[in-house]
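Below is one structure; the comments refer to it alone.
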Amino acid sequence: MEVIESFENNLNLKCKLQVLSRADGSAMFSEGQTVVLSAIYGPVEVKMQKLLIEKASVESVFKPKSGLPGVSDRYKEYLIKNICETALASALYPRTAVLVNLQEMQNQGQLISCAINAVCLACLDSGIDMKFLFGAVSYFLTKEEELTLTPPINESSVKAMFVFVFNNTKGDVIASHTEGRFSIDQYKTALDICRDEVKKVFIFFKETLLDT
Amino acid sequence: MAEQYKSLHPAKYYRDHLKHDIRPDGRELSDFRPVVINVGSIKTADGSSIVKIGNTTVVCGIKAEISRPKADAATKGFLVPNVELSPVCSSKFKPGPPSDQAQVLTQIIADIVGNSQCINLEELCIFPDKIAWCLYADLICIDYDGSLIDACALALISCLKVVSLPEVSYDPSLDKQQVNLEKRTPINVNSVFVSTTFAIFDDKLILADPTVEEENLCTGTLTIVTCNDELCYVHKPGGSPLVDEQMSDCIEKCMNRSNSIKKLIKTAILENI
């Protein structure tokens with residue numbers, strides 16, 4: 001399996017599908033220096049307590065690079081679970097579960113957006129029905145009030161970080177996560193730029209699928 | 001009759017109300033519930049507050065302990081929020097280790113505190129690399145009726161405003177510390193954050209300050225936290241997509257509300273003294 005890259009893209013995205021043999025869908029996705037491995041199992045049998053009569057229940061697990069999962073990983077799981085619940089056509093698989101597993105491989109600041117994109121590609125790879133695609137973009141505001149797509153090398157020079165998740169149908173915001181303090185205008189500017197950037201992410205998704 | 005209708009067809013019951021721009025509890029779509037703040041009611045804590053937003057009730061107590069700073073941040077103290085969703089607040093929660101929701105909420109509150117930089121952690125340090133204050137902020141939900149992030153954030157900030165720490169003298173040569181419990185000084189709170197939650201109903205209607213019933217029926221939520229004139233947290237965990245106009249509208253409402261909440265916190269603290 002060859003690694004698909006897109007060089008003209010300043011997000012520097014790379015992806016490899018079907019990296020795991022047992023999973024229904026899997027993807028190794030990297031955004032700059034951040035790498036996440038994701039695997040989707042589903043629809044599979046569901047635990048009694050989590051059974052939903054009218055739709056599939058989504059469970060997500062996020063494993064950090066080292067150490068035990070903590071409270072911040074629970075937050076990422078919650079975010080990914082909610083996004084998947086919105087995007088997957090879960091009504092087609094009642095009384096089942098969809099398991100979304102993520103493993104952090106390397107983190108250079110874009111972990112959340114990278115994880116979300118990896119999940120979308122794994123979903124596509126597994127062939128599970130989806131209502132729409134979702135793509136995430138991270139954006140950084142430095143202490144010098146500059147907005148940039150590439151994470152600053154020095155972590156302490158970041159004033160704020162934005163992560164936006166869009167759908168590919170109308171380009172509306174499905175999820176938003178922020179860190180740090182910023183003005184309303186900066187938020188809106190970041191939102192507009194990310195909406196343009198996410199188009200490149202969707203094109204990359206398409207290229208990836210066409211090449212496999 | 002209305003009772004039966006509500007339990008049999010909850011979504012339709014809401015839709016019928018919302019069609020007439022009114023919610024079942026009598027509020028308009030963008031109305032907020034009344035807020036009650038009480039500070040300093042727990043005397044054994046170093047700071048405490050009780051906040052009610054409609055029926056949602058959260059108690060916050062801050063206990064200060066002396067601890068050793070981390071090696072990689074030798075000049076910083078700690079502020080550790082912890083949210084507890086006890087079985088008393090809703091039938092959704094069972095006794096035992098903290099539920100996923102409680103852990104997520106704890107992380108969100110910790111993020112808000114970190115983002116807003118309301119407390120300068122360096123001021124909590126007593127002697128670099130030796131001793132520093134660790135503030136344990138326990139947030140306990142007594143009644144769970146929606147917009148819990150708002151209630152927790154409000155309880156925490158009003159509690160921080162009334163925290164006072166005893167004077168500590170430290171002798172580095174003998175590694176000895178002496179605490180003077182009689183002399184207490186308040187801590188500096190640089191900024192006040194105010195959180196506002198919105199719920200998206202049927203992909204288009206936006207309900208401000210939702211109750212738990214509304215949260216369960218809704219297809220998505222949006223939480224915006226303002227800090228002075230800036231934003232410090234915009235949290236939308238999946239759910240229905242939002243267009244930009246709706247987003248800006250929510251931010252504007254949030255800004256307006258933050259001023260009145262700030263006044264309320266001030267009055268609550270003044271009345272306590």
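Lettering and numbering for the structure tokens are positional, with chains as A, B, ... in the shown order, residues counted from 1 in each chain, and ligands counted from 1 in the shown order.
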(message) Taking the DSSP secondary structure from the backbone, can you list the residues of stretch 95-198 of chain A that are helix (DSSP H, G or I), as a ChimeraX atom specification?
(response) /A:111-126,155-157,184-198
Sort by chain and increasing residue number a table of all residues of chain B within 7 Å of chain A, each with its closest pair of atoms and their distance in Å to one decimal, counting only C-alpha atoms, and write it as CSV.
```
residue,atom,partner,partner_atom,distance
B:Asp100,CA,A:Arg74,CA,7.0
B:Gln103,CA,A:Val71,CA,5.7
B:Val104,CA,A:Tyr75,CA,5.0
B:Gln107,CA,A:Ser72,CA,6.0
B:Asn115,CA,A:Gly180,CA,4.2
B:Ser116,CA,A:Arg181,CA,6.3
B:Glu230,CA,A:Ser183,CA,4.7
B:Leu231,CA,A:Phe182,CA,5.5
B:Cys232,CA,A:Arg181,CA,4.4
B:Tyr233,CA,A:Thr178,CA,5.6
B:Val234,CA,A:Thr178,CA,5.8
B:His235,CA,A:His177,CA,5.1
B:Lys236,CA,A:Ala175,CA,4.8
B:Pro237,CA,A:Ala175,CA,5.1
B:Gly238,CA,A:Ile83,CA,4.4
B:Gly239,CA,A:Thr86,CA,5.5
B:Ser240,CA,A:Ile174,CA,6.3
B:Pro241,CA,A:Ile174,CA,4.5
B:Leu242,CA,A:Val173,CA,5.5
B:Val243,CA,A:Asp172,CA,5.7
```
(request) Can you work out the spacing between atom CA of B:Val35 and atom CA of B:His20 in Å, to one decimal? (result)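 Calculated distance between atom CA of B:Val35 and atom CA of B:His20 is 25.4 Å.
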(request) Determine, counting only C-alpha atoms, which protein, DNA and RNA residues have an atom within 7 Å of an atom of stretch 7-23 of chain A; residues of the same chain fewer than 3 positions away are not included. Present the result as a list in words. (result)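 Final neighbour list, sorted by chain and number: Val3, Ile4, Ser26, Ala27, Met28, Phe29, Ser30, Glu31, Gly32, Ala39, Ile40, Tyr41 and Asp125 of chain A.
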(message) Ranking B:Lys12, B:Asp145, B:Asn216, B:Arg68 by minimum distance to B:Gly54 and counting only C-alpha atoms, which one comes first?
(response) B:Asp145
(message) Could you go through stretch 4-170 of chain A and tell me which residues DSSP, when run on the backbone, assigns to strand (DSSP E), listing them as number ranges by chain?
(response) A: 4-5, 13-17, 25-31, 34-44, 57-63, 97-106, 134-142, 147-148, 158-167
(request) Fewer than 6 positions away in the same chain doesn't count, so skip those; otherwise give me all residues within 10 Å of B:Gln117, counting only C-alpha atoms, as number ranges by chain. (result) A: 180-181; B: 111, 189-193, 227, 232
(message) Measuring between only C-alpha atoms, which one of B:Ile108, B:Cys125, B:Ala199, B:Val163 shows the shortest distance to B:Ser30?
(response)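 Using only C-alpha atoms, the shortest distance to B:Ser30 belongs to B:Ala199.
Distance check against A:Gly109 using only C-alpha atoms: of A:Val44, A:Leu88, A:Met161, A:Leu52, the minimum falls on A:Met161.
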Using only C-alpha atoms, determine which residues lie at most 6 Å from stretch 200-208 of chain B, disregarding the query and same-chain residues fewer than 4 positions distant; provide the list as a short mmCIF file (atom, residue, chain, number, x, y, z; two decimals) with all heavy atoms, in the first residue's frame.
```cif
data_model
loop_
_atom_site.label_atom_id
_atom_site.label_comp_id
_atom_site.auth_asym_id
_atom_site.auth_seq_id
_atom_site.Cartn_x
_atom_site.Cartn_y
_atom_site.Cartn_z
N LEU B 29 -38.17 32.13 23.47
CA LEU B 29 -37.05 31.31 23.04
C LEU B 29 -35.69 31.80 23.54
O LEU B 29 -34.82 31.03 23.86
CB LEU B 29 -37.01 31.19 21.51
CG LEU B 29 -38.23 30.61 20.82
CD1 LEU B 29 -37.90 30.25 19.39
CD2 LEU B 29 -38.77 29.40 21.54
N SER B 30 -35.53 33.14 23.61
CA SER B 30 -34.22 33.65 24.00
C SER B 30 -34.20 34.17 25.44
O SER B 30 -33.31 34.93 25.80
CB SER B 30 -33.78 34.74 23.03
OG SER B 30 -34.77 35.72 22.97
N CYS B 218 -33.27 18.12 22.20
CA CYS B 218 -32.59 18.94 21.19
C CYS B 218 -31.58 18.13 20.39
O CYS B 218 -31.13 17.08 20.82
CB CYS B 218 -31.90 20.11 21.86
SG CYS B 218 -33.07 21.42 22.12
N THR B 219 -31.23 18.67 19.23
CA THR B 219 -30.31 17.97 18.35
C THR B 219 -28.89 18.51 18.48
O THR B 219 -28.00 18.08 17.75
CB THR B 219 -30.77 18.11 16.89
OG1 THR B 219 -31.12 19.47 16.67
CG2 THR B 219 -31.96 17.24 16.61
N GLY B 220 -28.65 19.42 19.40
CA GLY B 220 -27.29 19.90 19.58
C GLY B 220 -27.25 21.02 20.60
O GLY B 220 -28.27 21.66 20.87
N THR B 221 -26.08 21.25 21.18
CA THR B 221 -25.93 22.37 22.12
C THR B 221 -24.72 23.21 21.72
O THR B 221 -23.84 22.75 20.99
CB THR B 221 -25.75 21.90 23.57
OG1 THR B 221 -24.58 21.09 23.63
CG2 THR B 221 -26.94 21.14 24.09
N SER B 240 -26.52 19.27 15.45
CA SER B 240 -26.95 19.97 14.23
C SER B 240 -25.97 21.05 13.82
O SER B 240 -25.45 21.77 14.66
CB SER B 240 -28.28 20.66 14.48
OG SER B 240 -29.22 19.73 14.84
#
```
(message) If we count only C-alpha atoms and set the cut-off at 8 Å, which residues sit around B:Ile187, ignoring sequence neighbours fewer than 6 positions away in its own chain? Please answer as a ChimeraX atom specification.
(response) /B:160-161,163-165
May I have the residues from that selection written out with all heavy atoms, as a short mmCIF file (atom, residue, chain, number, x, y, z; two decimals), in the first residue's frame?
```
data_model
loop_
_atom_site.label_atom_id
_atom_site.label_comp_id
_atom_site.auth_asym_id
_atom_site.auth_seq_id
_atom_site.Cartn_x
_atom_site.Cartn_y
_atom_site.Cartn_z
N LEU B 160 -14.34 31.74 43.71
CA LEU B 160 -12.96 32.24 43.66
C LEU B 160 -12.89 33.68 44.16
O LEU B 160 -11.91 34.08 44.78
CB LEU B 160 -12.43 32.17 42.22
CG LEU B 160 -12.00 30.80 41.72
CD1 LEU B 160 -11.68 30.86 40.24
CD2 LEU B 160 -10.79 30.28 42.48
N LYS B 161 -13.96 34.43 43.89
CA LYS B 161 -13.98 35.83 44.31
C LYS B 161 -13.97 35.99 45.82
O LYS B 161 -13.61 37.05 46.33
CB LYS B 161 -15.25 36.49 43.74
CG LYS B 161 -15.13 36.85 42.28
CD LYS B 161 -14.90 38.32 42.17
CE LYS B 161 -14.88 38.78 40.75
NZ LYS B 161 -14.51 40.19 40.66
N VAL B 163 -12.64 33.55 47.99
CA VAL B 163 -11.63 32.71 48.66
C VAL B 163 -10.62 33.60 49.38
O VAL B 163 -10.17 34.60 48.84
CB VAL B 163 -10.90 31.83 47.62
CG1 VAL B 163 -9.66 31.21 48.22
CG2 VAL B 163 -11.81 30.76 47.11
N SER B 164 -10.32 33.23 50.61
CA SER B 164 -9.23 33.93 51.29
C SER B 164 -8.26 32.89 51.83
O SER B 164 -8.68 31.83 52.30
CB SER B 164 -9.77 34.81 52.40
OG SER B 164 -10.46 34.02 53.32
N LEU B 165 -6.97 33.19 51.73
CA LEU B 165 -5.96 32.23 52.14
C LEU B 165 -5.23 32.74 53.38
O LEU B 165 -4.94 33.93 53.50
CB LEU B 165 -4.94 32.02 51.01
CG LEU B 165 -5.50 31.46 49.70
CD1 LEU B 165 -4.42 31.43 48.64
CD2 LEU B 165 -6.06 30.06 49.93
#
```
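As for atom CA of B:His9 and atom CA of B:Asp31, they are spaced 24.2 Å apart.
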